[in-house]
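A.B. asks: Next up is a structure, given as structure tokens.
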Amino acid sequence: MVKGELLASRIPRMRASEIRELLKLLDQPDIISFAGGIPDPALFPAQAYRDAMAAALADDISGVALQYSLSDGYGPLRDWLAGEMAKIGISCGRENILITSGSQQALDYLGKLLLSPGDTALVGWPTYLGALGAFNAYEPRYDRLQPGENRPVADVAAAAEAAGGRVKFAYLSADFANPTGRTVDRAGREQVLDLAEALDIAVIEDAAYQALRYDGEAIPPILALELARRGDIEACRTIYCGSFSKTLAPGLRMGWVCAAQEVISRLVLLKQAADLHSPTINQIATHIVARDHFDSHVPKIREVYRRRRDLMLAALAREMPEGVEWVRPEGGMFVWLTLPEGMDGAMLLVQSLGSERVAFVPGHAFYADGSGRNSIRLSFTLHDKAMMDEGIARLGRLLRNSRPA
Ligand code: PMP
């Protein structure tokens, strides 16, 4: 047995989330769940992967697919990604792309690259729970990033210094964030860049949901806006993290980082040390599927999720009691509900187990300081009309029958 005193100082910050434990209890067939932020497996391009895996294992290439490979990733996939990045205003070459095992791994590496214990990371309030999980290992302090909020830059820097470090980066999803579903408008993105310049910090742009826009005009990614300012990706401080998890399939764990070579080459060293490279065969299969199917597949999933988002919004409008608020997401997977002050999402979830049997994620999990108890996150990706209507009706009853603490 490894005794507590043998553990590194970072370990106490890496606790199993009480919410995951709660949600395990809710993993039963009669429960209608809006909890998991996962893609609908019926939409995976399974035949395309079957064919791609067979092609990757064909005689002429199997020696490559099953072999060790370069830490920065499979060249043809990086070239394909550079082409995709160019379509969204980010002109770059394969040397600006690192393949990672999901964008989650990129978040871990970026925490490792940038954070010393006591440094400050600026994150949304709320923000992606998995980003907090990844960064926590590097023992940062968190401060609030709120695009549009006019907090004096000197105050942010001074608070970081007082805590014994400095501000290192701002982390955000500008499109359809997890958990809020919110999008940062162009002016907000420019403000994040201004703040990053004023503080001389990096920007980590988490673009996991960017391709899942259901309506409204696309807004250029933060990296594209910075590139427009500077003219050269090598002069940019924004580090873009992309993922195939929401567009193709998460099981192969394929993501990428796009950034200045200076950043990529350091991340390559971290990847070498951590896992040498992401699975070669997954990279080859992903390249084949992306090249041959991405452009036809993504519009299909957008269509399904757009319909489910609209079903959820219509059901919420019918079923939610007075005082419950939400913002219509233009894409992604989530609707974020703000409940009347004094209500507690975690307590509601416990009550739900013994009554309505509907699952969701309590909002406080997404706050670095554990606040935000009067909020919950709903995912709309998995259910069609009958289940959606029934599930949201259950949620409405649960909320009507609960009293603020
Ligand atoms: N960022 C955000 C905002 C996410 O919601 C997720 C997955 N839930 C990830 C990153 C990680 O995704 P993956 O590692 O599968 O690319």
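Residue numbering restarts at 1 in every chain; chains get A, B, ... in the order shown in the structure tokens, and ligands count up from 1 in that same order.
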Near Ser173 (chain A), within 6 Å and counting only C-alpha atoms, which residues show up once chain neighbours fewer than 6 positions away are dropped, as a list in words?
C.D. replies: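 Result of the neighbour search: Glu205, Asp206 and Ala207 of chain A.
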A.B. asks: Output C-alpha atoms for every residue in that selection, as a PDB file, in the first residue's frame.
C.D. replies:
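Output saved as selection-v8.pdb:
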ATOM      1  CA  GLU A 205      -8.534  28.211 -27.294  1.00  0.00           C
ATOM      2  CA  ASP A 206     -10.517  25.003 -26.778  1.00  0.00           C
ATOM      3  CA  ALA A 207     -12.355  24.435 -30.043  1.00  0.00           C
TER       4      ALA A 207
END
A.B. asks: Contacts between ligand 1 and chain A, please, where a residue of chain A counts if it comes within 8 Å (with only C-alpha atoms and all ligand atoms); show its shortest atom pair and distance in Å to one decimal, rows by chain and ascending number, as a tab-separated table.
C.D. replies:
residue	atom	partner	partner_atom_place_in_ligand_line	distance
A:Gly37	CA	ligand 1	8 (N)	6.1
A:Ile38	CA	ligand 1	8 (N)	7.1
A:Ser101	CA	ligand 1	14 (O)	6.8
A:Gly102	CA	ligand 1	14 (O)	3.5
A:Ser103	CA	ligand 1	16 (O)	3.7
A:Gln104	CA	ligand 1	14 (O)	3.7
A:Gln105	CA	ligand 1	14 (O)	6.4
A:Ala106	CA	ligand 1	14 (O)	8.0
A:Leu107	CA	ligand 1	10 (C)	7.7
A:Tyr128	CA	ligand 1	3 (C)	5.3
A:Gly130	CA	ligand 1	9 (C)	6.8
A:Ala131	CA	ligand 1	1 (N)	7.0
A:Ser173	CA	ligand 1	3 (C)	6.3
A:Ala177	CA	ligand 1	3 (C)	6.1
A:Asn178	CA	ligand 1	3 (C)	5.0
A:Pro179	CA	ligand 1	5 (O)	7.6
A:Asp206	CA	ligand 1	1 (N)	5.8
A:Ala207	CA	ligand 1	1 (N)	7.1
A:Ala208	CA	ligand 1	1 (N)	5.1
A:Tyr209	CA	ligand 1	3 (C)	7.0
A:Gly242	CA	ligand 1	16 (O)	7.0
A:Ser243	CA	ligand 1	16 (O)	4.4
A:Phe244	CA	ligand 1	16 (O)	6.4
A:Ser245	CA	ligand 1	15 (O)	4.7
A:Lys246	CA	ligand 1	15 (O)	7.4
A:Pro250	CA	ligand 1	15 (O)	5.2
A:Gly251	CA	ligand 1	15 (O)	7.9
A:Arg253	CA	ligand 1	15 (O)	5.9
A:Met254	CA	ligand 1	16 (O)	6.5
A:Gly255	CA	ligand 1	16 (O)	5.3
A.B. asks: Per DSSP on the backbone, what are the alpha helix (DSSP H) residues of region 25-156 of chain A, as a PyMOL selection string?
C.D. replies: chain A and resi 25+46-56+59-65+75-87+102-114+129-136+153-156
A.B. asks: Can you tell me how far CA of Pro340 (chain A) sits from CA of Glu325 (chain A), in Å to one decimal?
C.D. replies: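 Atom-to-atom, CA of Pro340 (chain A) to CA of Glu325 (chain A), that is 8.4 Å.
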A.B. asks: Quick one: everything within 12 Å of region 227-229 of chain A, counting only C-alpha atoms, minus sequence neighbours fewer than 3 positions away in the same chain. Send it as a list in words.
C.D. replies: Met85, Ala86, Ile88, Gly89, Ile90, Ser91, Cys92, Glu190, Leu193, Asp194, Glu197, Pro220, Pro221, Ile222, Leu223, Ala224, Asp232, Ile233, Glu234, Ala235, Cys236, Arg237, Thr238, Ile239, Tyr240, Ala259 and Ala260 of chain A
A.B. asks: Suppose we keep N, CA and C atoms; can you now write the selection as a compact mmCIF listing (two decimals), in the first residue's frame?
C.D. replies:
# COMPACT_ATOMS: atom_id res chain seq x y z
N MET A 85 -7.58 24.05 -41.11
CA MET A 85 -7.33 25.27 -40.35
C MET A 85 -7.35 26.48 -41.31
N ALA A 86 -6.79 26.29 -42.51
CA ALA A 86 -6.79 27.40 -43.48
C ALA A 86 -8.22 27.83 -43.80
N ILE A 88 -10.68 28.05 -41.89
CA ILE A 88 -11.26 28.91 -40.84
C ILE A 88 -10.32 30.08 -40.51
N GLY A 89 -9.49 30.43 -41.49
CA GLY A 89 -8.71 31.66 -41.36
C GLY A 89 -7.37 31.50 -40.66
N ILE A 90 -6.92 30.23 -40.51
CA ILE A 90 -5.65 30.02 -39.81
C ILE A 90 -4.68 29.38 -40.80
N SER A 91 -3.89 30.21 -41.47
CA SER A 91 -2.99 29.62 -42.45
C SER A 91 -1.73 29.15 -41.72
N CYS A 92 -1.44 27.88 -41.92
CA CYS A 92 -0.32 27.27 -41.19
C CYS A 92 0.17 26.05 -41.96
N GLU A 190 -11.77 39.58 -29.31
CA GLU A 190 -10.72 40.60 -29.43
C GLU A 190 -10.29 41.08 -28.03
N LEU A 193 -7.90 38.74 -26.50
CA LEU A 193 -6.55 38.96 -27.06
C LEU A 193 -5.90 40.20 -26.45
N ASP A 194 -6.70 41.26 -26.29
CA ASP A 194 -6.15 42.48 -25.67
C ASP A 194 -5.66 42.19 -24.25
N GLU A 197 -2.52 40.21 -24.32
CA GLU A 197 -1.37 41.06 -24.66
C GLU A 197 -0.95 41.91 -23.46
N PRO A 220 -14.83 34.06 -36.47
CA PRO A 220 -13.47 33.51 -36.60
C PRO A 220 -12.92 33.07 -35.23
N PRO A 221 -12.18 31.96 -35.23
CA PRO A 221 -11.52 31.54 -33.99
C PRO A 221 -10.57 32.63 -33.49
N ILE A 222 -10.27 32.58 -32.20
CA ILE A 222 -9.37 33.58 -31.61
C ILE A 222 -8.01 33.56 -32.32
N LEU A 223 -7.53 32.34 -32.65
CA LEU A 223 -6.23 32.26 -33.33
C LEU A 223 -6.29 32.96 -34.69
N ALA A 224 -7.44 32.86 -35.39
CA ALA A 224 -7.56 33.54 -36.69
C ALA A 224 -7.54 35.05 -36.49
N ASP A 232 1.42 36.40 -38.95
CA ASP A 232 2.26 35.20 -38.99
C ASP A 232 1.97 34.35 -37.74
N ILE A 233 1.65 33.11 -37.96
CA ILE A 233 1.30 32.25 -36.81
C ILE A 233 2.47 32.15 -35.83
N GLU A 234 3.68 32.30 -36.33
CA GLU A 234 4.83 32.17 -35.42
C GLU A 234 4.88 33.31 -34.39
N ALA A 235 4.15 34.38 -34.67
CA ALA A 235 4.13 35.51 -33.71
C ALA A 235 2.89 35.45 -32.80
N CYS A 236 2.11 34.36 -32.91
CA CYS A 236 0.84 34.30 -32.16
C CYS A 236 1.00 33.61 -30.80
N ARG A 237 0.25 34.11 -29.82
CA ARG A 237 0.28 33.56 -28.46
C ARG A 237 -0.88 32.59 -28.23
N THR A 238 -1.80 32.51 -29.21
CA THR A 238 -2.97 31.64 -29.03
C THR A 238 -2.62 30.21 -29.42
N ILE A 239 -3.06 29.29 -28.59
CA ILE A 239 -2.81 27.86 -28.81
C ILE A 239 -4.17 27.21 -29.00
N TYR A 240 -4.41 26.72 -30.20
CA TYR A 240 -5.73 26.22 -30.58
C TYR A 240 -5.76 24.70 -30.36
N ALA A 259 -0.49 25.76 -33.32
CA ALA A 259 0.15 26.90 -32.65
C ALA A 259 1.49 27.22 -33.32
N ALA A 260 2.13 28.25 -32.82
CA ALA A 260 3.47 28.59 -33.29
C ALA A 260 4.40 27.40 -33.09
A.B. asks: Taking only C-alpha atoms into account, name the residue in A:Ala317, A:Met1, A:Leu66, A:Leu132 that is nearest to Met14 (chain A).
C.D. replies: A:Leu132
A.B. asks: Which neighbours of Asp40 (chain A) fall inside 8 Å, counting only C-alpha atoms, when residues of the same chain fewer than 3 positions from it are skipped, and could you give them as a list in words?
C.D. replies: Leu43, Phe44, Thr381 and Leu382 of chain A
